[in-house]
Structure formats: C-alpha cells, structure tokens
>>> print(open('query28.tsv').read())   # TSV, C-alpha atoms
chain	number	residue	atom	x	y	z
G	1	MET	CA	98.15	37.21	36.59
G	2	GLU	CA	100.69	35.01	34.81
G	3	GLU	CA	99.52	31.48	35.64
G	4	CYS	CA	98.81	29.19	32.72
G	5	ILE	CA	96.10	26.54	33.09
G	6	LEU	CA	95.95	23.36	31.03
G	7	LEU	CA	92.31	22.54	30.31
G	8	VAL	CA	91.78	19.01	29.02
G	9	GLY	CA	88.22	18.38	27.94
G	10	GLU	CA	85.89	18.35	24.95
G	11	ASP	CA	84.20	21.40	23.46
G	12	GLY	CA	81.53	21.38	26.17
G	13	ARG	CA	84.16	22.58	28.65
G	14	GLU	CA	85.26	25.56	26.55
G	15	HIS	CA	83.08	27.94	28.59
G	16	MET	CA	85.39	27.25	31.55
G	17	GLY	CA	88.39	28.25	29.45
G	18	GLU	CA	86.67	31.45	28.39
G	19	GLY	CA	85.95	32.38	32.00
G	20	LEU	CA	89.54	31.72	33.00
G	21	ARG	CA	90.86	33.87	30.16
G	22	LYS	CA	88.58	36.74	31.18
G	23	ALA	CA	89.99	36.43	34.71
G	24	GLY	CA	93.51	36.90	33.33
G	25	TYR	CA	94.79	33.34	33.08
G	26	ASP	CA	96.51	31.92	30.03
G	27	VAL	CA	94.71	28.75	28.97
G	28	ILE	CA	95.90	25.82	26.88
G	29	HIS	CA	92.86	23.81	25.79
G	30	LEU	CA	93.42	20.26	24.56
G	31	HIS	CA	90.50	18.03	23.68
G	32	SER	CA	92.21	14.68	24.19
G	33	ALA	CA	93.79	13.27	27.35
G	34	GLN	CA	96.02	11.16	25.12
G	35	GLU	CA	97.37	14.26	23.36
G	36	ALA	CA	97.87	15.97	26.72
G	37	ALA	CA	99.73	12.93	28.10
G	38	ASP	CA	101.99	12.88	25.03
G	39	ARG	CA	102.79	16.59	25.36
G	40	VAL	CA	102.80	17.14	29.13
G	41	GLU	CA	106.60	17.10	29.48
G	42	ASN	CA	106.92	20.02	27.05
G	43	LEU	CA	104.10	22.18	28.37
G	44	GLU	CA	104.53	24.90	30.99
G	45	PHE	CA	101.44	25.35	33.15
G	46	GLY	CA	100.55	25.84	36.79
G	47	LEU	CA	97.32	23.86	37.13
G	48	LEU	CA	95.52	21.04	35.32
G	49	LEU	CA	91.75	21.28	34.83
G	50	LEU	CA	90.76	17.79	33.67
G	51	ASP	CA	87.42	16.46	32.44
G	52	ALA	CA	86.68	13.36	34.54
G	53	GLU	CA	84.38	12.07	31.80
G	54	LEU	CA	87.25	11.51	29.35
G	55	PRO	CA	88.39	7.89	28.78
G	56	SER	CA	89.97	6.81	32.06
G	57	VAL	CA	93.01	5.01	30.60
G	58	GLU	CA	94.29	8.08	28.75
G	59	ALA	CA	93.34	10.43	31.60
G	60	ASP	CA	95.12	8.26	34.16
G	61	ARG	CA	98.24	8.22	31.98
G	62	LEU	CA	98.13	12.03	31.97
G	63	LEU	CA	97.73	12.08	35.76
G	64	LEU	CA	100.67	9.70	36.12
G	65	GLY	CA	102.80	12.10	34.09
G	66	ILE	CA	101.63	15.07	36.16
G	67	HIS	CA	102.35	13.43	39.51
G	68	GLY	CA	105.72	12.24	38.23
G	69	GLU	CA	106.80	15.75	37.32
G	70	LYS	CA	109.44	17.44	39.43
G	71	ARG	CA	107.04	20.40	39.37
G	72	ARG	CA	104.19	20.09	41.88
G	73	ILE	CA	101.04	20.79	39.90
G	74	PRO	CA	97.51	20.95	41.36
G	75	VAL	CA	94.81	18.96	39.59
G	76	VAL	CA	91.13	19.93	39.48
G	77	MET	CA	88.75	17.39	37.95
G	78	ILE	CA	85.40	18.31	36.38
G	79	THR	CA	82.54	15.87	36.69
G	80	ASP	CA	79.00	15.85	35.31
G	81	SER	CA	77.85	13.95	38.38
G	82	GLU	CA	77.57	15.20	41.94
G	83	ASP	CA	77.35	11.62	43.18
G	84	ALA	CA	79.58	11.23	46.23
G	85	ASP	CA	81.14	7.97	45.01
G	86	LYS	CA	82.06	9.57	41.68
G	87	MET	CA	83.72	12.49	43.42
G	88	VAL	CA	85.64	10.19	45.78
G	89	GLU	CA	86.80	8.23	42.73
G	90	CYS	CA	88.25	11.46	41.27
G	91	PHE	CA	90.20	12.10	44.46
G	92	ASP	CA	91.44	8.51	44.43
G	93	ARG	CA	92.71	9.00	40.88
G	94	GLY	CA	94.83	11.96	41.94
G	95	ALA	CA	92.64	15.07	41.98
G	96	HIS	CA	93.30	17.78	44.56
G	97	ASP	CA	89.83	19.22	44.06
G	98	VAL	CA	86.65	18.15	42.24
G	99	VAL	CA	84.06	20.51	40.77
G	100	ALA	CA	80.70	19.95	39.12
G	101	ALA	CA	80.47	20.92	35.46
G	102	GLU	CA	77.87	23.60	36.29
G	103	VAL	CA	79.90	25.17	39.09
G	104	PRO	CA	79.39	28.97	39.18
G	105	GLU	CA	82.27	30.72	37.47
G	106	LYS	CA	83.25	32.79	40.50
G	107	VAL	CA	83.37	29.65	42.65
G	108	LEU	CA	85.62	27.88	40.13
G	109	LEU	CA	87.92	30.90	39.99
G	110	ALA	CA	88.10	31.10	43.80
G	111	ARG	CA	88.96	27.41	44.11
G	112	ILE	CA	91.63	27.61	41.42
G	113	LYS	CA	93.15	30.70	42.99
G	114	ASN	CA	93.20	28.99	46.38
G	115	LEU	CA	94.90	25.84	45.06
G	116	LEU	CA	97.53	27.87	43.21
G	117	LEU	CA	98.34	29.82	46.37
G	118	ILE	CA	98.57	26.64	48.45
G	119	PHE	CA	100.85	24.89	45.97
G	120	ARG	CA	103.02	27.94	45.42
G	121	GLY	CA	103.56	28.18	49.16
G	122	ALA	CA	104.29	24.45	49.44
G	123	VAL	CA	106.88	24.62	46.68
G	124	GLN	CA	108.59	27.59	48.27
G	125	MET	CA	108.74	25.86	51.66
G	126	ASN	CA	109.89	22.59	50.15
G	127	SER	CA	112.58	23.91	47.79
G	128	ARG	CA	115.47	23.12	50.16
G	129	ILE	CA	116.15	19.80	51.87
G	130	LYS	CA	118.89	19.06	54.38
G	131	VAL	CA	119.94	15.49	55.23
G	132	ALA	CA	122.76	15.34	57.77
G	133	ASP	CA	125.51	17.53	56.27
G	134	LEU	CA	124.03	17.35	52.76
G	135	THR	CA	122.01	20.34	51.50
G	136	ILE	CA	119.96	20.24	48.30
G	137	ASP	CA	118.48	23.48	46.96
G	138	ARG	CA	116.02	22.87	44.14
G	139	GLU	CA	115.44	26.53	43.30
G	140	VAL	CA	119.05	27.09	42.25
G	141	ARG	CA	119.84	23.36	41.77
G	142	ILE	CA	122.86	23.49	44.06
G	143	VAL	CA	124.08	20.58	46.19
G	144	GLN	CA	126.53	20.96	49.07
G	145	ARG	CA	128.07	18.55	51.53
G	146	GLU	CA	129.97	20.02	54.48
G	147	GLU	CA	129.70	23.41	52.72
G	148	GLU	CA	131.52	22.05	49.65
G	149	GLN	CA	129.53	22.47	46.44
G	150	ILE	CA	129.04	19.34	44.36
G	151	GLY	CA	128.46	19.48	40.61
G	152	LEU	CA	125.70	17.18	39.36
G	153	THR	CA	124.15	16.61	35.96
G	154	ALA	CA	120.45	17.39	35.57
G	155	LYS	CA	119.41	13.76	35.90
G	156	GLU	CA	121.75	13.13	38.84
G	157	PHE	CA	120.15	16.09	40.60
G	158	ASP	CA	116.63	14.81	39.87
G	159	LEU	CA	117.54	11.38	41.24
G	160	LEU	CA	119.07	12.84	44.41
G	161	TRP	CA	116.07	15.13	44.92
G	162	TYR	CA	113.70	12.16	44.62
G	163	LEU	CA	115.68	10.18	47.19
G	164	ALA	CA	115.75	13.22	49.49
G	165	LEU	CA	111.98	13.64	49.26
G	166	HIS	CA	111.76	10.05	50.53
G	167	VAL	CA	114.62	10.20	53.03
G	168	ASN	CA	114.99	7.01	55.11
G	169	GLN	CA	112.51	5.24	52.84
G	170	ALA	CA	113.44	2.39	50.52
G	171	CYS	CA	112.82	3.41	46.89
G	172	SER	CA	112.56	0.60	44.37
G	173	ARG	CA	114.19	0.81	40.96
G	174	GLN	CA	110.74	0.80	39.35
G	175	GLN	CA	109.60	3.72	41.51
G	176	ILE	CA	112.74	5.66	40.60
G	177	LEU	CA	112.30	4.93	36.90
G	178	LYS	CA	108.67	5.96	37.09
G	179	HIS	CA	109.24	9.27	38.85
G	180	VAL	CA	112.69	10.31	37.64
G	181	TRP	CA	112.78	8.76	34.17
G	182	ARG	CA	108.98	8.41	33.91
G	183	HIS	CA	109.08	4.78	32.78
G	184	GLU	CA	106.90	2.42	34.79
G	185	PHE	CA	108.29	-0.96	33.83
G	186	ILE	CA	111.71	-1.48	32.30
G	187	ALA	CA	112.94	-4.80	33.56
G	188	ASP	CA	116.17	-5.01	31.61
G	189	THR	CA	117.77	-1.62	32.24
G	190	ASN	CA	120.48	-0.79	34.77
G	191	VAL	CA	120.25	2.99	34.33
G	192	VAL	CA	119.27	3.50	37.98
G	193	ASP	CA	122.27	1.51	39.22
G	194	VAL	CA	124.60	3.46	36.91
G	195	TYR	CA	123.34	6.82	38.17
G	196	ILE	CA	123.48	5.67	41.80
G	197	ARG	CA	127.16	4.84	41.25
G	198	HIS	CA	127.69	8.33	39.83
G	199	LEU	CA	125.98	9.90	42.84
G	200	ARG	CA	127.97	7.82	45.31
G	201	LEU	CA	131.23	8.96	43.75
G	202	LYS	CA	130.17	12.60	44.07
G	203	ILE	CA	128.22	12.53	47.34
G	204	ASP	CA	129.80	9.78	49.45
G	205	TYR	CA	133.36	9.24	48.18
G	206	GLY	CA	135.85	10.08	50.92
G	207	GLN	CA	133.09	10.71	53.46
G	208	LYS	CA	133.10	8.85	56.78
G	209	TYR	CA	129.34	8.38	56.67
G	210	LYS	CA	127.73	7.10	53.45
G	211	LEU	CA	124.30	8.63	52.86
G	212	ILE	CA	123.25	6.58	49.82
G	213	ARG	CA	122.45	3.04	50.91
G	214	THR	CA	121.48	-0.13	49.04
G	215	VAL	CA	118.32	-1.81	50.31
G	216	ARG	CA	118.86	-5.43	49.38
G	217	GLY	CA	116.11	-6.85	47.21
G	218	VAL	CA	114.37	-3.47	46.92
G	219	GLY	CA	116.50	-0.59	45.66
G	220	TYR	CA	118.10	2.43	47.31
G	221	GLN	CA	117.54	5.06	49.94
G	222	LEU	CA	119.07	8.28	51.23
G	223	GLN	CA	119.60	7.50	54.90
G	224	GLU	CA	120.25	9.90	57.75
G	225	PRO	CA	122.94	8.84	60.23
G	226	ARG	CA	121.97	6.82	63.26
G	227	MET	CA	123.97	7.39	66.42
G	228	ASP	CA	125.37	4.51	68.45
G	229	ALA	CA	125.86	4.52	72.21
G	230	SER	CA	129.14	6.40	71.87
G	231	GLY	CA	127.59	9.12	69.71
G	232	GLN	CA	129.18	7.90	66.49
G	233	ALA	CA	127.22	7.81	63.22
G	234	THR	CA	126.45	4.31	61.98
>>> encode(input="query28.tsv", output="structure tokens")
Amino acid sequence: MEECILLVGEDGREHMGEGLRKAGYDVIHLHSAQEAADRVENLEFGLLLLDAELPSVEADRLLLGIHGEKRRIPVVMITDSEDADKMVECFDRGAHDVVAAEVPEKVLLARIKNLLLIFRGAVQMNSRIKVADLTIDREVRIVQREEEQIGLTAKEFDLLWYLALHVNQACSRQQILKHVWRHEFIADTNVVDVYIRHLRLKIDYGQKYKLIRTVRGVGYQLQEPRMDASGQAT
C-alpha cells in the first residue's frame, strides 16, 4: 500500500498514526494546522486526517488550501464529540467523513480505504474533459483543439482546467485567484486578465467559435457553443 496520509493533530492523536502505519500507510504527522497550511503545497499525500478540535482559523486555512489543490484529496475530521451538530459543522467546513476520536481502529481503516478508492475512481473518470472541439487531458497535461495539440505553460493549463471544470459558469477573478493562484483577495492584480489573454491567443485565435468568454462585471467562463435556428454556433 503506497498511500501517504497527512495526520494533523496533537499528540493525543498519535495512536491513529500508529495504527495507519501498521496497516501499511505512510503517515506524516504534524501537530499544528498552521504548519500544515504553510507546507501543504509541498507535501505529497492522498488523504488528510484532521483534528477538528484544533483552532478553527488555522484548520480552515488548511482546508482552503486542500480544496484549492488541483489534486482531489479526501478529508476525514476527528472529533471528541459525537454531538450531531458538531459533526454537521465538520461537514460544513469541508470534511468528506467525520469520525469520533475513539473510533475502533478497523472501522477507521475501512473508512479511509473506502474514501481513497472513491476518490481514486473519481479522479480517473474526471481526468479528461471535452468542451466542443477542445479536449483537455489532465493525466498527461495535453490540450487539443480540432485534433491540433496546443502547448500551454503549467499555469495556463491550470487556469484552463479550472474553467473547464466550471464550463458554462461565470468564474470571478477572485475565485480564479483563490483556486488557481491560491490567493483569496488581491484587488490590484491583473494576473488573471493577462493569463486569459495568453489562453485566448492559443485556444481561440483563428477559430470561428471563441470558447473563452468575458462575463461583464464578473470574470470569465469557458462556454460551449449554442446553436441558432440555422444550426450555426453562436
């Protein structure tokens, strides 16, 4: 078993890490959500096991970084309380599963194994997106339009992939910064507009139908063609 699990919790959660190691998982144990949030971009792991009792501000910053990753990573939160409202709160914060601190080891292992299988399958099914005549393959990071391969930089690819995940939806500049550049609020930067121009030159230049559209007052979207009465794309 090659999966690595990031365990973020104080020493009282170490017994969970020990059980995971015995089951064959690699475990990275960090005691601070703030440290984990600072390091998350440089860590390779397949699942986050997060102590829900850690300070919420730091933990939520870590969760924001996790959900903004181009990797899809399952999150399991550990709580000392079995109160229903507390568990619902964990789900609202971004958990995919919630377990009590005293959960039997074999139950924890089964739930982690199940989540990893579900997410691995979802990633495999969602590694290729087609919008009109544009194909984006995340596994090999190849983009084609009308069978012609288009060379993109890493950040151009990430931006296009984000737009494709939200096809036909208006994406604000702040949303794009948050999920592609991982900055929530940068009011005085035009980096999104610059990269959109780059993408338009590579994706839309010379094409009869323009896929990348400006949504006035909001941001941008990748838009599938709409057909008029004569069958022409508009």
>>> residues_around(input="query28.tsv", residues="G:Leu54", least_positions_apart="6", cutoff="10 Å", atoms="all atoms listed in the file", output="ChimeraX atom specification")
/G:8-10,31-34,60,78-79
>>> write_last_selection(input="query28.tsv", atoms="C-alpha atoms", output="PDB file, in the coordinates of the input")
ATOM      1  CA  VAL G   8      91.780  19.010  29.020  1.00  0.00           C
ATOM      2  CA  GLY G   9      88.220  18.380  27.940  1.00  0.00           C
ATOM      3  CA  GLU G  10      85.890  18.350  24.950  1.00  0.00           C
ATOM      4  CA  HIS G  31      90.500  18.030  23.680  1.00  0.00           C
ATOM      5  CA  SER G  32      92.210  14.680  24.190  1.00  0.00           C
ATOM      6  CA  ALA G  33      93.790  13.270  27.350  1.00  0.00           C
ATOM      7  CA  GLN G  34      96.020  11.160  25.120  1.00  0.00           C
ATOM      8  CA  ASP G  60      95.120   8.260  34.160  1.00  0.00           C
ATOM      9  CA  ILE G  78      85.400  18.310  36.380  1.00  0.00           C
ATOM     10  CA  THR G  79      82.540  15.870  36.690  1.00  0.00           C
TER      11      THR G  79
END
>>> residues_near_point(input="query28.tsv", point="(121.5, 21.4, 53.4)", cutoff="9 Å", atoms="all atoms listed in the file", output="ChimeraX atom specification")
/G:128-137,143-147
>>> atom_distance(input="query28.tsv", atom1="atom CA of G:Trp181", atom2="atom CA of G:Gly65")
10.5 Å
>>> atom_distance(input="query28.tsv", atom1="atom CA of G:Glu105", atom2="atom CA of G:Arg93")
24.3 Å
>>> atom_distance(input="query28.tsv", atom1="atom CA of G:Asp80", atom2="atom CA of G:Glu53")
7.5 Å
>>> axis_aligned_box(input="query28.tsv", around="stretch 187-202 of chain G", padding_each_side="3 Å", output="JSON")
{"center_x": 122.1, "center_y": 3.8, "center_z": 38.5, "size_x": 24.3, "size_y": 23.6, "size_z": 19.7}
>>> residues_around(input="query28.tsv", residues="stretch 202-206 of chain G", least_positions_apart="6", cutoff="8 Å", atoms="only C-alpha atoms", output="PyMOL selection string")
chain G and resi 145+150-152+212
>>> closest_residue(input="query28.tsv", among="G:Ile176, G:Ile73, G:Ala23, G:Leu6", to="G:Ile118", atoms="all atoms listed in the file")
G:Ile73
>>> closest_atom_pairs(input="query28.tsv", of="stretch 97-179 of chain G", to="stretch 190-198 of chain G", cutoff="10 Å", atoms="all atoms listed in the file", output="Markdown table")
| residue | atom | partner | partner_atom | distance |
| --- | --- | --- | --- | --- |
| G:Leu152 | CA | G:His198 | CA | 9.1 |
| G:Thr153 | CA | G:His198 | CA | 9.8 |
| G:Lys155 | CA | G:Tyr195 | CA | 8.3 |
| G:Glu156 | CA | G:Tyr195 | CA | 6.5 |
| G:Leu159 | CA | G:Tyr195 | CA | 8.0 |
| G:Leu160 | CA | G:Ile196 | CA | 8.8 |
| G:Ser172 | CA | G:Val192 | CA | 9.7 |
| G:Arg173 | CA | G:Val192 | CA | 6.5 |
| G:Gln174 | CA | G:Val192 | CA | 9.1 |
| G:Ile176 | CA | G:Val192 | CA | 7.4 |
| G:Leu177 | CA | G:Val192 | CA | 7.2 |
>>> closest_residue(input="query28.tsv", among="G:Pro225, G:His166, G:Ile66, G:Val76", to="G:Ala95", atoms="only C-alpha atoms")
G:Val76
>>> residues_around(input="query28.tsv", residues="G:Val75", least_positions_apart="3", cutoff="8 Å", atoms="all atoms listed in the file", output="list in words")
Leu47, Leu48, Leu49, Leu50, Gly94, Ala95, His96 and Asp97 of chain G
>>> closest_residue(input="query28.tsv", among="G:Leu62, G:Ala101, G:Ala52, G:Met16", to="G:Glu35", atoms="all atoms listed in the file")
G:Leu62
>>> closest_residue(input="query28.tsv", among="G:Val180, G:Glu41, G:Arg61, G:Cys171", to="G:Arg216", atoms="all atoms listed in the file")
G:Cys171
>>> closest_residue(input="query28.tsv", among="G:Leu30, G:Val57, G:Gly46, G:Ala170", to="G:Leu117", atoms="only C-alpha atoms")
G:Gly46
>>> closest_residue(input="query28.tsv", among="G:Ser56, G:Leu43, G:Leu115, G:Lys86", to="G:Pro74", atoms="only C-alpha atoms")
G:Leu115
